[in-house]
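Asks: Next up is a structure, given as structure tokens.
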Amino acid sequence: MNFHILTLFPDMVMNGLNTSIIGRAVNAGLLSIEAVNIRDYAFNKHQSVDDYPYGGGAGMLMQAEPVYLAYEAVTEKIRRREADGQTTSIPQEVPDGQAAVVSQTSPVEKKPRVVYLSPQGDVFSQKMAEELSREEDLILLCGHYEGIDERVLEEIVTDYVSIGDYVLTGGELPAMVMVDAISRLVPGVLHNDVSAEFESFQDNLLEYPQYSRPEEWHGKKVPPVLLSGHHANIEKWRREQSIIRTYERRPDLFEKCELTKKEEKWFQEWRDNSAI
């Protein structure tokens, strides 16, 4: 998967993403991450990309043209890569009148997904991460100052995404959050591929509690079922703990989760006993 991050602070982005699991996946060729400096596409010697907004107001606004030129540079790179990797069969006349088929490279015209990180967007979720992980190329646009000229957003942006209802100084941190969450779902990035499937938010349930050595720490013991070696009982306990934890900590998620009839009966009994 290829991430293209349009930003005013490429070092900030790359320094944060070149480590740990994501960094190893890049080195292994499972991911490609590039930070495109929007200032490189400024049309003045000072490389300024902002100006005062029409109508007045506090702060500066990122101009449309440098953002658009950075976007165009990325999409042209994608088109060239796809043209090099795609062939199309074209009939061609030969002397005996028979049609022969020859291979010729042909670009694939597909507009890439462009995500603008904005508090006005849909809130990022695991479901959204799963959907975006199926893209071959993803462009993440990081705003700064008071935002970006609306005209270029209308022209290039396909998705508006927020990581939460609060204000940050720019889109770089949200972009890094998205890259991290999405990358984990790309096949091969995690050494244990099943861990991405069964972590928090699977089926709208939080992850169950986990324990490691020693068996007792500060007087607290590992639940006996985890020491039993009985895998069916362990999975049942983990599922129940996920249900309980979601109910207690994220009631908003619990309302969306789907339980079997057997689990609904168990949960009702657990809740009745807990209320005593």
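For the structure tokens, the naming scheme is as follows: chains receive sequential letters (A, B, ...) according to their order of presentation, residues are indexed from 1 within each chain, and ligands are indexed from 1 in presentation order.
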A:Lys262: which residues within 12 Å, counting only C-alpha atoms, same-chain residues fewer than 5 positions away excluded, as a short mmCIF file (atom, residue, chain, number, x, y, z; two decimals) with N, CA, C and O atoms, in the first residue's frame?

Replies:
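Now in selection_0.cif:
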data_model
loop_
_atom_site.label_atom_id
_atom_site.label_comp_id
_atom_site.auth_asym_id
_atom_site.auth_seq_id
_atom_site.Cartn_x
_atom_site.Cartn_y
_atom_site.Cartn_z
N LYS A 236 -14.06 -18.56 25.29
CA LYS A 236 -15.35 -18.18 25.86
C LYS A 236 -15.15 -17.09 26.92
O LYS A 236 -15.87 -16.09 26.95
N GLU A 240 -16.49 -13.15 26.81
CA GLU A 240 -17.31 -12.59 27.89
C GLU A 240 -16.66 -11.36 28.49
O GLU A 240 -17.35 -10.37 28.79
N PHE A 267 -25.31 -12.52 29.43
CA PHE A 267 -25.07 -11.14 29.83
C PHE A 267 -26.17 -10.65 30.78
O PHE A 267 -25.88 -9.95 31.75
N GLN A 268 -27.40 -10.99 30.48
CA GLN A 268 -28.49 -10.57 31.35
C GLN A 268 -28.33 -11.14 32.75
O GLN A 268 -28.53 -10.45 33.76
N GLU A 269 -27.92 -12.43 32.82
CA GLU A 269 -27.69 -13.05 34.12
C GLU A 269 -26.52 -12.39 34.83
O GLU A 269 -26.58 -12.15 36.05
#

Asks: Pick the closest to A:Glu235 from A:His218, A:Val186, A:Tyr208, A:Leu140: which is it, counting only C-alpha atoms?

Replies: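 The answer is A:Tyr208, which sits nearest to A:Glu235.
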
Asks: Can you work out which one of A:Ile148, A:Ile234, A:Val36, A:Ala181 has the shortest atom-to-atom distance to A:Met62, counting only C-alpha atoms?

Replies: A:Ile148

Asks: Between atom CA of A:Ala70 and atom CA of A:Leu185, measure the distance and give it in Å to one decimal.

Replies: 27.3 Å

Asks: Can you tell me how far atom CA of A:Glu136 sits from atom CA of A:Met1, in Å to one decimal?

Replies: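 Atom CA of A:Met1 lies at a distance of 5.0 Å from atom CA of A:Glu136.
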